[in-house]
>>> print(open('coords-v2.cif').read())   # mmCIF, C-alpha atoms
data_final
loop_
_atom_site.label_atom_id
_atom_site.label_comp_id
_atom_site.auth_asym_id
_atom_site.auth_seq_id
_atom_site.Cartn_x
_atom_site.Cartn_y
_atom_site.Cartn_z
CA MET A 1 -12.02 -22.90 5.33
CA LYS A 2 -11.19 -25.96 3.29
CA GLY A 3 -7.85 -27.11 4.69
CA GLU A 4 -4.34 -26.08 5.62
CA LEU A 5 -3.12 -22.89 4.01
CA GLN A 6 -0.22 -23.40 1.60
CA PRO A 7 1.56 -20.25 0.37
CA ILE A 8 1.61 -19.63 -3.37
CA SER A 9 5.11 -19.53 -4.86
CA GLN A 10 6.34 -17.19 -7.57
CA ASP A 11 6.30 -20.03 -10.11
CA PHE A 12 2.49 -19.83 -9.99
CA PHE A 13 2.68 -16.36 -11.54
CA LEU A 14 5.41 -17.09 -14.10
CA ARG A 15 2.83 -18.49 -16.54
CA ASP A 16 0.49 -17.07 -19.12
CA VAL A 17 -2.07 -14.61 -17.81
CA TRP A 18 -5.14 -16.66 -18.78
CA ASN A 19 -4.11 -19.74 -16.82
CA VAL A 20 -3.17 -17.63 -13.82
CA ALA A 21 -6.52 -15.79 -13.97
CA ARG A 22 -8.43 -19.09 -13.88
CA ASP A 23 -6.22 -20.66 -11.24
CA LEU A 24 -6.56 -17.68 -8.90
CA LEU A 25 -10.23 -18.56 -8.46
CA GLY A 26 -10.68 -20.18 -5.08
CA LYS A 27 -7.36 -19.00 -3.68
CA VAL A 28 -7.31 -17.25 -0.29
CA LEU A 29 -6.05 -13.65 -0.14
CA ILE A 30 -5.09 -12.41 3.33
CA VAL A 31 -4.30 -8.82 4.29
CA ARG A 32 -2.76 -7.86 7.64
CA SER A 33 -2.79 -4.37 9.12
CA GLN A 34 -2.69 -2.60 12.45
CA GLU A 35 -6.49 -2.70 12.42
CA GLY A 36 -6.60 -6.47 12.10
CA GLU A 37 -6.57 -9.27 9.56
CA THR A 38 -9.01 -9.76 6.69
CA ALA A 39 -9.33 -12.60 4.20
CA VAL A 40 -11.33 -13.48 1.09
CA ARG A 41 -11.62 -16.39 -1.27
CA LEU A 42 -11.17 -15.03 -4.80
CA THR A 43 -14.28 -15.55 -6.92
CA GLU A 44 -13.84 -13.35 -10.02
CA THR A 45 -10.86 -12.24 -12.11
CA GLU A 46 -10.05 -10.62 -15.45
CA ALA A 47 -7.01 -11.24 -17.66
CA TYR A 48 -5.22 -8.42 -19.47
CA GLY A 49 -2.97 -9.61 -22.26
CA GLY A 50 -0.13 -7.13 -22.48
CA ILE A 51 1.08 -5.19 -25.49
CA ASN A 52 -1.38 -6.77 -27.95
CA ASP A 53 -4.49 -6.21 -25.81
CA ARG A 54 -6.13 -2.82 -26.41
CA ALA A 55 -7.84 -3.07 -23.01
CA CYS A 56 -4.49 -3.36 -21.23
CA HIS A 57 -2.81 -0.26 -19.80
CA ALA A 58 0.47 -1.43 -21.34
CA TYR A 59 -0.98 -1.86 -24.85
CA ALA A 60 1.61 -1.25 -27.58
CA GLY A 61 4.36 -1.24 -24.95
CA ARG A 62 3.08 1.85 -23.13
CA TYR A 63 5.55 2.35 -20.28
CA THR A 64 4.78 5.06 -17.73
CA ARG A 65 5.36 5.61 -14.05
CA ARG A 66 1.95 4.02 -13.42
CA THR A 67 2.38 0.99 -15.70
CA ALA A 68 6.02 0.27 -14.79
CA PRO A 69 5.05 -2.52 -12.33
CA MET A 70 3.41 -4.43 -15.19
CA PHE A 71 6.83 -4.90 -16.80
CA GLN A 72 8.23 -6.61 -13.70
CA ALA A 73 8.21 -10.33 -12.92
CA GLY A 74 5.07 -12.31 -12.17
CA GLY A 75 3.78 -11.79 -8.64
CA THR A 76 4.32 -8.02 -8.72
CA LEU A 77 1.41 -5.89 -7.52
CA TYR A 78 -0.02 -3.43 -10.02
CA ILE A 79 -2.42 -1.06 -8.25
CA TYR A 80 -3.97 1.95 -9.91
CA LYS A 81 -6.65 4.48 -9.05
CA CYS A 82 -9.89 4.34 -11.03
CA TYR A 83 -12.06 7.46 -11.41
CA GLY A 84 -9.77 9.10 -8.85
CA ILE A 85 -11.40 7.05 -6.09
CA HIS A 86 -11.06 3.26 -6.24
CA HIS A 87 -7.84 1.30 -5.91
CA MET A 88 -7.74 -1.60 -8.37
CA LEU A 89 -5.53 -4.55 -7.42
CA ASN A 90 -3.85 -6.54 -10.20
CA LEU A 91 -1.32 -9.36 -10.04
CA VAL A 92 1.33 -9.31 -12.76
CA THR A 93 2.05 -12.56 -14.58
CA GLY A 94 4.81 -13.98 -16.75
CA LEU A 95 8.43 -13.00 -17.18
CA PRO A 96 9.82 -9.45 -16.86
CA GLY A 97 9.11 -7.30 -19.89
CA ASP A 98 5.79 -8.99 -20.79
CA PRO A 99 3.21 -6.64 -19.20
CA CYS A 100 0.28 -8.96 -18.52
CA ALA A 101 -1.78 -8.83 -15.34
CA VAL A 102 -4.90 -10.19 -13.66
CA LEU A 103 -7.43 -7.81 -12.14
CA LEU A 104 -8.99 -9.14 -8.94
CA ARG A 105 -12.70 -8.34 -9.24
CA ALA A 106 -14.42 -10.04 -6.31
CA GLY A 107 -14.07 -12.36 -3.36
CA GLU A 108 -16.05 -14.22 -0.71
CA PRO A 109 -15.38 -12.80 2.79
CA LEU A 110 -13.84 -15.42 5.08
CA TRP A 111 -12.84 -13.55 8.22
CA GLY A 112 -12.32 -10.01 9.44
CA ILE A 113 -15.83 -9.27 8.23
CA GLU A 114 -16.60 -6.61 10.83
CA LEU A 115 -13.44 -4.73 9.87
CA MET A 116 -14.43 -4.98 6.21
CA ARG A 117 -17.88 -3.61 7.02
CA LYS A 118 -16.32 -0.71 8.88
CA ARG A 119 -14.11 0.13 5.90
CA ARG A 120 -17.07 -0.17 3.55
CA GLY A 121 -19.46 1.97 5.60
CA GLY A 122 -21.62 -0.90 6.77
CA ALA A 123 -22.22 -2.48 3.35
CA ALA A 124 -24.30 -5.66 3.25
CA PRO A 125 -22.22 -8.83 3.72
CA HIS A 126 -22.91 -10.13 0.19
CA ARG A 127 -21.67 -6.82 -1.31
CA LEU A 128 -18.63 -6.20 0.91
CA THR A 129 -16.04 -7.53 -1.52
CA VAL A 130 -17.93 -7.63 -4.83
CA GLY A 131 -16.46 -5.38 -7.51
CA PRO A 132 -12.74 -4.50 -7.75
CA GLY A 133 -13.08 -1.18 -5.95
CA ALA A 134 -15.14 -2.68 -3.15
CA LEU A 135 -12.70 -5.57 -2.79
CA THR A 136 -9.65 -3.36 -2.27
CA ALA A 137 -11.54 -0.95 0.00
CA ALA A 138 -12.72 -3.78 2.23
CA LEU A 139 -9.22 -5.25 2.42
CA GLY A 140 -7.52 -1.88 2.95
CA ILE A 141 -5.19 -2.12 -0.07
CA PRO A 142 -3.13 1.10 -0.43
CA LEU A 143 -1.88 2.51 -3.71
CA GLU A 144 1.64 2.62 -2.27
CA TRP A 145 1.98 -1.16 -2.59
CA SER A 146 2.06 -0.96 -6.39
CA GLY A 147 5.38 -2.30 -7.66
CA GLN A 148 5.95 -4.52 -4.63
CA SER A 149 5.87 -8.31 -4.90
CA ILE A 150 3.22 -10.42 -3.23
CA ILE A 151 5.91 -13.06 -2.65
CA GLY A 152 7.21 -12.47 0.86
CA HIS A 153 5.08 -9.35 1.28
CA PRO A 154 4.75 -8.42 4.98
CA TYR A 155 1.05 -7.55 4.77
CA LEU A 156 -0.43 -9.31 1.74
CA SER A 157 -0.36 -13.07 1.12
CA LEU A 158 -1.96 -15.57 -1.23
CA TYR A 159 -2.68 -19.17 -0.23
CA ASP A 160 -4.08 -22.43 -1.56
CA ASP A 161 -6.25 -24.33 0.92
CA GLY A 162 -7.21 -27.12 -1.48
CA TYR A 163 -10.49 -25.59 -2.64
CA GLN A 164 -11.38 -26.31 -6.28
CA PRO A 165 -14.31 -24.62 -8.07
CA ARG A 166 -16.78 -27.10 -9.54
CA GLN A 167 -17.31 -24.90 -12.59
CA ILE A 168 -15.64 -21.81 -13.96
CA ALA A 169 -17.66 -19.42 -16.10
CA GLU A 170 -16.13 -17.03 -18.60
CA GLY A 171 -17.36 -13.95 -20.41
CA GLU A 172 -16.45 -10.52 -21.71
CA ARG A 173 -14.57 -8.14 -19.44
CA ILE A 174 -16.35 -5.22 -17.82
CA GLY A 175 -15.90 -1.57 -18.79
CA VAL A 176 -13.52 -2.05 -21.71
CA ASP A 177 -15.78 -1.09 -24.64
CA TYR A 178 -13.07 1.33 -25.79
CA ALA A 179 -10.88 -1.67 -26.71
CA GLY A 180 -12.73 -2.44 -29.94
CA PRO A 181 -12.52 -6.12 -30.91
CA ASP A 182 -10.41 -6.86 -27.84
CA ALA A 183 -13.43 -6.01 -25.68
CA LEU A 184 -15.11 -9.17 -26.98
CA HIS A 185 -12.55 -11.60 -25.60
CA PRO A 186 -14.02 -13.91 -22.91
CA TRP A 187 -11.24 -13.09 -20.47
CA ARG A 188 -13.35 -12.56 -17.35
CA TYR A 189 -13.57 -15.67 -15.17
CA TRP A 190 -15.68 -16.46 -12.13
CA ILE A 191 -16.77 -19.34 -9.92
CA ALA A 192 -20.03 -20.30 -11.58
CA ASP A 193 -22.03 -21.08 -8.44
CA SER A 194 -20.70 -18.27 -6.24
CA PRO A 195 -23.05 -15.43 -5.20
CA TYR A 196 -20.03 -13.14 -4.77
CA ILE A 197 -19.80 -11.99 -8.39
CA SER A 198 -19.99 -8.46 -9.77
CA HIS A 199 -21.65 -9.21 -13.14
CA PRO A 200 -22.80 -12.86 -13.18
CA ALA A 201 -25.22 -12.63 -16.09
CA ARG A 202 -23.24 -10.76 -18.73
CA LYS A 203 -22.46 -13.05 -21.66
CA GLY A 204 -21.02 -15.81 -19.56
CA LYS A 205 -20.75 -19.50 -20.29
CA ARG A 206 -19.78 -22.26 -17.91
CA LYS A 207 -16.92 -24.67 -18.34
CA PRO A 208 -16.69 -27.74 -16.11
CA LEU A 209 -13.32 -28.47 -14.62
CA VAL A 210 -11.78 -31.71 -15.85
#
>>> encode(input="coords-v2.cif", output="structure tokens")
Amino acid sequence: MKGELQPISQDFFLRDVWNVARDLLGKVLIVRSQEGETAVRLTETEAYGGINDRACHAYAGRYTRRTAPMFQAGGTLYIYKCYGIHHMLNLVTGLPGDPCAVLLRAGEPLWGIELMRKRRGGAAPHRLTVGPGALTAALGIPLEWSGQSIIGHPYLSLYDDGYQPRQIAEGERIGVDYAGPDALHPWRYWIADSPYISHPARKGKRKPLV
């Protein structure tokens, strides 16, 4: 750990989705359960730009029971099931009515590693929390939390411990080829020197932090 854990306030999320997606890198996500406590440092995210982004579930204002959390205030959890198996954890950004969200794609395990391995069937440590489905499985994120806020959540918390990535890389998002030209946006971000990345080599370029 870097330093003292400082909780993230809602103001952090009441900004545009691209800044939030970058600034989430390096933050510490902690999940508490009856089984124990697990924590990761976030290393990879993807931004989804609301009603004008064909890759976004709320494109063109699509409002359904599943997407309803995306229309809530920043800090709301948007969790959906992918391929009927994996739970995908997103953090909503911006003001109510603007359905943008950040998909959490990967993290570096910090503690609770044995519990994560148990949940992931004994996966290798460097693969425990790499990929959005693996991340939520290792942390034990249930679908039922969708629509709840991370601010003041009894089991899920986000913290800043002072860590700052030396470089952030950006590239095209993964698995959104159906989105046409929107699939080409470089809206996937990751810590450039982290080994805990799902797709480090795919059309990424590095940007130093200044």
>>> residues_around(input="coords-v2.cif", residues="Leu115 in chain A", least_positions_apart="5", cutoff="9 Å", atoms="all atoms listed in the file", output="MDAnalysis selection string")
chainID A and resid 35:38 120 138:139
>>> closest_residue(input="coords-v2.cif", among="A:Glu44, A:Asp53, A:Asp193, A:Asp160", to="Leu103 in chain A", atoms="only C-alpha atoms")
A:Glu44
>>> residues_around(input="coords-v2.cif", residues="Ala137 in chain A", least_positions_apart="6", cutoff="8 Å", atoms="only C-alpha atoms", output="PyMOL selection string")
chain A and resi 86-87+116+119-120
>>> closest_residue(input="coords-v2.cif", among="A:Ala47, A:Ala68, A:Ala192, A:Leu104", to="Glu172 in chain A", atoms="all atoms listed in the file")
A:Ala47
>>> atom_distance(input="coords-v2.cif", atom1="CA of Ile191 in chain A", atom2="CA of Pro96 in chain A")
29.2 Å
>>> closest_residue(input="coords-v2.cif", among="A:Trp145, A:His199, A:Pro99, A:Glu114", to="Thr64 in chain A", atoms="only C-alpha atoms")
A:Pro99
>>> resolve_selection(input="coords-v2.cif", expression="the PyMOL selection byres ((chain A and resi 98) around 12)", output="PDB file with C-alpha atoms, in the frame of the given file")
ATOM      1  CA  LEU A  14       5.410 -17.090 -14.100  1.00  0.00           C
ATOM      2  CA  ARG A  15       2.830 -18.490 -16.540  1.00  0.00           C
ATOM      3  CA  ASP A  16       0.490 -17.070 -19.120  1.00  0.00           C
ATOM      4  CA  VAL A  17      -2.070 -14.610 -17.810  1.00  0.00           C
ATOM      5  CA  TYR A  48      -5.220  -8.420 -19.470  1.00  0.00           C
ATOM      6  CA  GLY A  49      -2.970  -9.610 -22.260  1.00  0.00           C
ATOM      7  CA  GLY A  50      -0.130  -7.130 -22.480  1.00  0.00           C
ATOM      8  CA  ILE A  51       1.080  -5.190 -25.490  1.00  0.00           C
ATOM      9  CA  ASN A  52      -1.380  -6.770 -27.950  1.00  0.00           C
ATOM     10  CA  ASP A  53      -4.490  -6.210 -25.810  1.00  0.00           C
ATOM     11  CA  CYS A  56      -4.490  -3.360 -21.230  1.00  0.00           C
ATOM     12  CA  ALA A  58       0.470  -1.430 -21.340  1.00  0.00           C
ATOM     13  CA  TYR A  59      -0.980  -1.860 -24.850  1.00  0.00           C
ATOM     14  CA  ALA A  60       1.610  -1.250 -27.580  1.00  0.00           C
ATOM     15  CA  GLY A  61       4.360  -1.240 -24.950  1.00  0.00           C
ATOM     16  CA  ARG A  62       3.080   1.850 -23.130  1.00  0.00           C
ATOM     17  CA  TYR A  63       5.550   2.350 -20.280  1.00  0.00           C
ATOM     18  CA  THR A  67       2.380   0.990 -15.700  1.00  0.00           C
ATOM     19  CA  ALA A  68       6.020   0.270 -14.790  1.00  0.00           C
ATOM     20  CA  PRO A  69       5.050  -2.520 -12.330  1.00  0.00           C
ATOM     21  CA  MET A  70       3.410  -4.430 -15.190  1.00  0.00           C
ATOM     22  CA  PHE A  71       6.830  -4.900 -16.800  1.00  0.00           C
ATOM     23  CA  GLN A  72       8.230  -6.610 -13.700  1.00  0.00           C
ATOM     24  CA  ALA A  73       8.210 -10.330 -12.920  1.00  0.00           C
ATOM     25  CA  GLY A  74       5.070 -12.310 -12.170  1.00  0.00           C
ATOM     26  CA  VAL A  92       1.330  -9.310 -12.760  1.00  0.00           C
ATOM     27  CA  THR A  93       2.050 -12.560 -14.580  1.00  0.00           C
ATOM     28  CA  GLY A  94       4.810 -13.980 -16.750  1.00  0.00           C
ATOM     29  CA  LEU A  95       8.430 -13.000 -17.180  1.00  0.00           C
ATOM     30  CA  PRO A  96       9.820  -9.450 -16.860  1.00  0.00           C
ATOM     31  CA  GLY A  97       9.110  -7.300 -19.890  1.00  0.00           C
ATOM     32  CA  PRO A  99       3.210  -6.640 -19.200  1.00  0.00           C
ATOM     33  CA  CYS A 100       0.280  -8.960 -18.520  1.00  0.00           C
ATOM     34  CA  ALA A 101      -1.780  -8.830 -15.340  1.00  0.00           C
TER      35      ALA A 101
END
>>> residues_around(input="coords-v2.cif", residues="range 184-187 of chain A", least_positions_apart="6", cutoff="12 Å", atoms="only C-alpha atoms", output="ChimeraX atom specification")
/A:17-22,44-49,53-56,101-103,168-178,202-206
>>> closest_residue(input="coords-v2.cif", among="A:Lys81, A:Arg41, A:Arg188, A:Lys27", to="Glu108 in chain A", atoms="only C-alpha atoms")
A:Arg41
>>> residues_near_point(input="coords-v2.cif", point="(-2.0, -17.2, -5.2)", cutoff="8 Å", atoms="all atoms listed in the file", output="PyMOL selection string")
chain A and resi 7-9+12-13+24+27-29+157-160
>>> decode(input="coords-v2.cif", residues="range 51-192 of chain A", atoms="C-alpha atoms", output="mmCIF file, in the first residue's frame")
data_model
loop_
_atom_site.group_PDB
_atom_site.id
_atom_site.type_symbol
_atom_site.label_atom_id
_atom_site.label_comp_id
_atom_site.auth_asym_id
_atom_site.auth_seq_id
_atom_site.Cartn_x
_atom_site.Cartn_y
_atom_site.Cartn_z
ATOM 1 C CA ILE A 51 -26.579 8.300 -25.685
ATOM 2 C CA ASN A 52 -24.162 9.209 -28.500
ATOM 3 C CA ASP A 53 -21.894 6.169 -28.074
ATOM 4 C CA ARG A 54 -23.040 3.140 -30.078
ATOM 5 C CA ALA A 55 -21.040 0.873 -27.759
ATOM 6 C CA CYS A 56 -22.990 2.078 -24.724
ATOM 7 C CA HIS A 57 -26.021 0.131 -23.499
ATOM 8 C CA ALA A 58 -27.903 3.425 -23.197
ATOM 9 C CA TYR A 59 -27.159 4.529 -26.778
ATOM 10 C CA ALA A 60 -29.927 6.721 -28.231
ATOM 11 C CA GLY A 61 -31.492 7.008 -24.771
ATOM 12 C CA ARG A 62 -32.286 3.299 -24.446
ATOM 13 C CA TYR A 63 -33.932 2.988 -21.024
ATOM 14 C CA THR A 64 -34.719 -0.500 -19.755
ATOM 15 C CA ARG A 65 -34.870 -2.240 -16.417
ATOM 16 C CA ARG A 66 -31.225 -3.221 -16.919
ATOM 17 C CA THR A 67 -29.932 0.190 -18.024
ATOM 18 C CA ALA A 68 -31.955 2.252 -15.523
ATOM 19 C CA PRO A 69 -28.981 2.618 -13.117
ATOM 20 C CA MET A 70 -27.011 4.377 -15.869
ATOM 21 C CA PHE A 71 -29.477 7.276 -15.732
ATOM 22 C CA GLN A 72 -28.833 7.852 -12.019
ATOM 23 C CA ALA A 73 -26.224 10.142 -10.464
ATOM 24 C CA GLY A 74 -22.498 9.525 -10.666
ATOM 25 C CA GLY A 75 -21.291 6.879 -8.229
ATOM 26 C CA THR A 76 -24.186 4.519 -8.967
ATOM 27 C CA LEU A 77 -23.262 0.889 -9.642
ATOM 28 C CA TYR A 78 -24.277 -0.506 -13.005
ATOM 29 C CA ILE A 79 -23.786 -4.278 -13.024
ATOM 30 C CA TYR A 80 -24.927 -6.517 -15.838
ATOM 31 C CA LYS A 81 -24.490 -10.152 -16.808
ATOM 32 C CA CYS A 82 -22.376 -10.900 -19.873
ATOM 33 C CA TYR A 83 -22.918 -14.127 -21.849
ATOM 34 C CA GLY A 84 -25.227 -15.209 -19.034
ATOM 35 C CA ILE A 85 -22.205 -15.869 -16.819
ATOM 36 C CA HIS A 86 -19.980 -12.923 -15.911
ATOM 37 C CA HIS A 87 -20.978 -9.935 -13.810
ATOM 38 C CA MET A 88 -19.560 -6.706 -15.235
ATOM 39 C CA LEU A 89 -19.059 -3.845 -12.785
ATOM 40 C CA ASN A 90 -19.458 -0.274 -14.037
ATOM 41 C CA LEU A 91 -19.414 3.025 -12.170
ATOM 42 C CA VAL A 92 -21.852 5.641 -13.451
ATOM 43 C CA THR A 93 -20.538 9.167 -13.987
ATOM 44 C CA GLY A 94 -21.992 12.644 -14.392
ATOM 45 C CA LEU A 95 -25.360 14.078 -13.478
ATOM 46 C CA PRO A 96 -28.666 12.160 -13.447
ATOM 47 C CA GLY A 97 -30.088 11.609 -16.911
ATOM 48 C CA ASP A 98 -26.699 11.432 -18.697
ATOM 49 C CA PRO A 99 -26.100 7.650 -18.937
ATOM 50 C CA CYS A 100 -22.310 7.420 -19.029
ATOM 51 C CA ALA A 101 -20.337 4.787 -17.143
ATOM 52 C CA VAL A 102 -16.870 3.324 -16.647
ATOM 53 C CA LEU A 103 -16.340 -0.419 -16.949
ATOM 54 C CA LEU A 104 -13.760 -1.754 -14.486
ATOM 55 C CA ARG A 105 -11.631 -4.186 -16.491
ATOM 56 C CA ALA A 106 -8.748 -5.217 -14.248
ATOM 57 C CA GLY A 107 -6.966 -4.699 -10.968
ATOM 58 C CA GLU A 108 -3.838 -5.638 -9.034
ATOM 59 C CA PRO A 109 -4.653 -7.859 -6.025
ATOM 60 C CA LEU A 110 -3.657 -6.192 -2.752
ATOM 61 C CA TRP A 111 -5.078 -8.402 -0.017
ATOM 62 C CA GLY A 112 -7.597 -11.195 0.430
ATOM 63 C CA ILE A 113 -5.719 -13.068 -2.278
ATOM 64 C CA GLU A 114 -6.470 -16.554 -0.951
ATOM 65 C CA LEU A 115 -10.183 -15.753 -0.904
ATOM 66 C CA MET A 116 -9.932 -14.455 -4.474
ATOM 67 C CA ARG A 117 -8.172 -17.657 -5.535
ATOM 68 C CA LYS A 118 -10.910 -19.722 -3.932
ATOM 69 C CA ARG A 119 -13.589 -17.790 -5.820
ATOM 70 C CA ARG A 120 -11.638 -18.113 -9.052
ATOM 71 C CA GLY A 121 -10.956 -21.846 -8.761
ATOM 72 C CA GLY A 122 -7.278 -21.491 -7.959
ATOM 73 C CA ALA A 123 -6.384 -19.149 -10.837
ATOM 74 C CA ALA A 124 -2.781 -17.964 -11.050
ATOM 75 C CA PRO A 125 -2.123 -14.789 -9.018
ATOM 76 C CA HIS A 126 -1.370 -12.653 -12.096
ATOM 77 C CA ARG A 127 -4.720 -13.671 -13.670
ATOM 78 C CA LEU A 128 -6.966 -13.470 -10.597
ATOM 79 C CA THR A 129 -8.403 -10.034 -11.320
ATOM 80 C CA VAL A 130 -7.521 -9.493 -14.988
ATOM 81 C CA GLY A 131 -10.547 -9.099 -17.255
ATOM 82 C CA PRO A 132 -13.880 -7.614 -16.106
ATOM 83 C CA GLY A 133 -15.524 -10.976 -15.456
ATOM 84 C CA ALA A 134 -12.538 -12.273 -13.514
ATOM 85 C CA LEU A 135 -12.359 -9.060 -11.498
ATOM 86 C CA THR A 136 -15.954 -9.227 -10.282
ATOM 87 C CA ALA A 137 -15.768 -12.982 -9.657
ATOM 88 C CA ALA A 138 -12.653 -12.604 -7.520
ATOM 89 C CA LEU A 139 -14.208 -9.760 -5.540
ATOM 90 C CA GLY A 140 -17.585 -11.480 -5.162
ATOM 91 C CA ILE A 141 -19.650 -8.698 -6.766
ATOM 92 C CA PRO A 142 -23.339 -9.723 -6.980
ATOM 93 C CA LEU A 143 -25.759 -8.580 -9.663
ATOM 94 C CA GLU A 144 -28.157 -7.412 -6.944
ATOM 95 C CA TRP A 145 -25.954 -4.391 -6.191
ATOM 96 C CA SER A 146 -26.799 -2.781 -9.539
ATOM 97 C CA GLY A 147 -28.564 0.531 -8.941
ATOM 98 C CA GLN A 148 -26.992 1.059 -5.526
ATOM 99 C CA SER A 149 -24.473 3.837 -4.901
ATOM 100 C CA ILE A 150 -20.849 3.167 -4.054
ATOM 101 C CA ILE A 151 -20.975 6.231 -1.795
ATOM 102 C CA GLY A 152 -21.713 4.933 1.693
ATOM 103 C CA HIS A 153 -22.146 1.377 0.429
ATOM 104 C CA PRO A 154 -21.881 -1.129 3.311
ATOM 105 C CA TYR A 155 -19.792 -3.647 1.376
ATOM 106 C CA LEU A 156 -18.064 -1.832 -1.488
ATOM 107 C CA SER A 157 -15.743 1.169 -1.113
ATOM 108 C CA LEU A 158 -13.320 3.145 -3.260
ATOM 109 C CA TYR A 159 -10.246 4.875 -1.832
ATOM 110 C CA ASP A 160 -7.300 7.041 -2.822
ATOM 111 C CA ASP A 161 -4.029 6.111 -1.109
ATOM 112 C CA GLY A 162 -1.897 8.661 -2.956
ATOM 113 C CA TYR A 163 -0.716 6.327 -5.706
ATOM 114 C CA GLN A 164 -0.212 7.999 -9.103
ATOM 115 C CA PRO A 165 0.506 6.019 -12.300
ATOM 116 C CA ARG A 166 3.689 7.118 -14.043
ATOM 117 C CA GLN A 167 2.103 6.642 -17.458
ATOM 118 C CA ILE A 168 -1.400 5.951 -18.684
ATOM 119 C CA ALA A 169 -1.874 4.127 -21.977
ATOM 120 C CA GLU A 170 -5.000 4.373 -24.088
ATOM 121 C CA GLY A 171 -6.449 2.327 -26.917
ATOM 122 C CA GLU A 172 -9.607 0.960 -28.481
ATOM 123 C CA ARG A 173 -12.157 -0.749 -26.269
ATOM 124 C CA ILE A 174 -12.501 -4.515 -26.278
ATOM 125 C CA GLY A 175 -15.414 -6.442 -27.802
ATOM 126 C CA VAL A 176 -17.340 -3.498 -29.252
ATOM 127 C CA ASP A 177 -16.823 -4.082 -32.988
ATOM 128 C CA TYR A 178 -20.604 -3.832 -33.439
ATOM 129 C CA ALA A 179 -20.384 -0.100 -32.609
ATOM 130 C CA GLY A 180 -19.073 0.907 -36.042
ATOM 131 C CA PRO A 181 -16.962 4.076 -35.936
ATOM 132 C CA ASP A 182 -17.487 4.353 -32.179
ATOM 133 C CA ALA A 183 -15.469 1.156 -31.761
ATOM 134 C CA LEU A 184 -12.383 3.086 -32.855
ATOM 135 C CA HIS A 185 -12.405 5.579 -29.992
ATOM 136 C CA PRO A 186 -9.341 5.222 -27.712
ATOM 137 C CA TRP A 187 -11.494 5.039 -24.604
ATOM 138 C CA ARG A 188 -9.769 2.122 -22.872
ATOM 139 C CA TYR A 189 -7.179 3.239 -20.326
ATOM 140 C CA TRP A 190 -4.592 1.301 -18.362
ATOM 141 C CA ILE A 191 -1.509 1.770 -16.198
ATOM 142 C CA ALA A 192 1.223 1.443 -18.795
#
